[in-house]
Amino acid sequence: MRDRVTAPRLVPTEPPPEAAKSPVFCRALGTHDWDVVPPMLIMPGGTVRVTLGCERCGSLRADRWMHKTGAIDSRQYRYSKTYTELLEHPRDASRVTVLRDGTLQPLSAYVRETMKGKTHGTDGTALRLVSSKKTVRKGKR
């Protein structure tokens with residue numbers, strides 16, 4: 001049961017404006033980009049309240065962890081307005097939006113920086129769609 005005196009109220013935040021952290025990714029991937037939002041609160045009954053925030057969509061999640069075992073006792077979600085609107089659309093439509101917009105950045109900024117100047121076609125940083133069919137190269141076994 002929630003302790004109304006010590007438990008903070010979860011208020012969803014709005015998503016960051018960067019396109020690379022689009023909230024559509026949360027819906028398309030079926031998961032959020034959770035980060036711990038301090039502090040962790042020790043609750044009555046031997047549980048610890050851990051609040052997590054999604055950097056992409058601004059949703060919040062509150063877990064209660066059992067202090068001695070680490071097991072999750074309960075979990076609550078507070079979805080942001082943006083993510084709630086995305087829930088009205090099928091997940092596959094969100095994936096199509098991600099692919100169509102071309103905002104995918106599969107490599108970190110560090111990797112992009114270290115790969116500058118590479119001329120070989122396979123070392124590019126852009127997302128490439130490739131066939132999953134395996135081909136056997138001649139002369140190799």
# chains A, B, ... in the order shown; residues from 1 in each chain; ligands from 1
call {"tool": "residues_around", "arguments": {"residues": "region 27-29 of chain A", "least_positions_apart": "3", "cutoff": "7 Å", "atoms": "only C-alpha atoms", "output": "PDB file with C-alpha atoms, in the first residue's frame"}}
result
ATOM      1  CA  VAL A  24       8.076   7.506 -31.002  1.00  0.00           C
ATOM      2  CA  LEU A  86       1.172   7.438 -29.044  1.00  0.00           C
ATOM      3  CA  ARG A  91       3.175  -0.216 -32.493  1.00  0.00           C
ATOM      4  CA  ASP A  92       3.921  -1.186 -36.114  1.00  0.00           C
ATOM      5  CA  SER A  94       5.317   3.796 -34.910  1.00  0.00           C
ATOM      6  CA  ARG A  95       8.031   1.599 -36.416  1.00  0.00           C
TER       7      ARG A  95
END
call {"tool": "residues_around", "arguments": {"residues": "Met40 (chain A)", "least_positions_apart": "5", "cutoff": "7 Å", "atoms": "only C-alpha atoms", "output": "list of chain:residue names"}}
result
A:Val48, A:Arg49, A:Val50
call {"tool": "closest_residue", "arguments": {"among": "A:Asp33, A:Thr82, A:Leu87, A:Gly70", "to": "Gly53 (chain A)", "atoms": "only C-alpha atoms"}}
result
A:Asp33
call {"tool": "select_by_dssp", "arguments": {"residues": "region 26-60 of chain A", "states": "strand (DSSP E)", "output": "list in words"}}
result
Trp34, Asp35, Val36, Val37, Pro38, Pro39, Met40, Leu41, Ile42, Met43, Thr47, Val48, Arg49, Val50, Thr51, Leu52, Gly53, Cys54 and Leu60 of chain A
call {"tool": "atom_distance", "arguments": {"atom1": "CA of Gly46 (chain A)", "atom2": "CA of Gln76 (chain A)"}}
result
17.9 Å
call {"tool": "closest_residue", "arguments": {"among": "A:Val98, A:Met43, A:Ala93, A:Cys26", "to": "Ser59 (chain A)", "atoms": "only C-alpha atoms"}}
result
A:Cys26
call {"tool": "atom_distance", "arguments": {"atom1": "CA of Asp35 (chain A)", "atom2": "CA of Glu55 (chain A)"}}
result
7.3 Å
call {"tool": "closest_residue", "arguments": {"among": "A:His67, A:Arg56, A:Arg75, A:Glu88", "to": "Phe25 (chain A)", "atoms": "only C-alpha atoms"}}
result
A:Arg56
call {"tool": "select_by_dssp", "arguments": {"residues": "region 27-99 of chain A", "states": "alpha helix (DSSP H)", "output": "PyMOL selection string"}}
result
chain A and resi 27-29+81-86+91-99
call {"tool": "closest_residue", "arguments": {"among": "A:Gly45, A:Cys54, A:Lys81, A:Ala71", "to": "Thr31 (chain A)", "atoms": "only C-alpha atoms"}}
result
A:Cys54
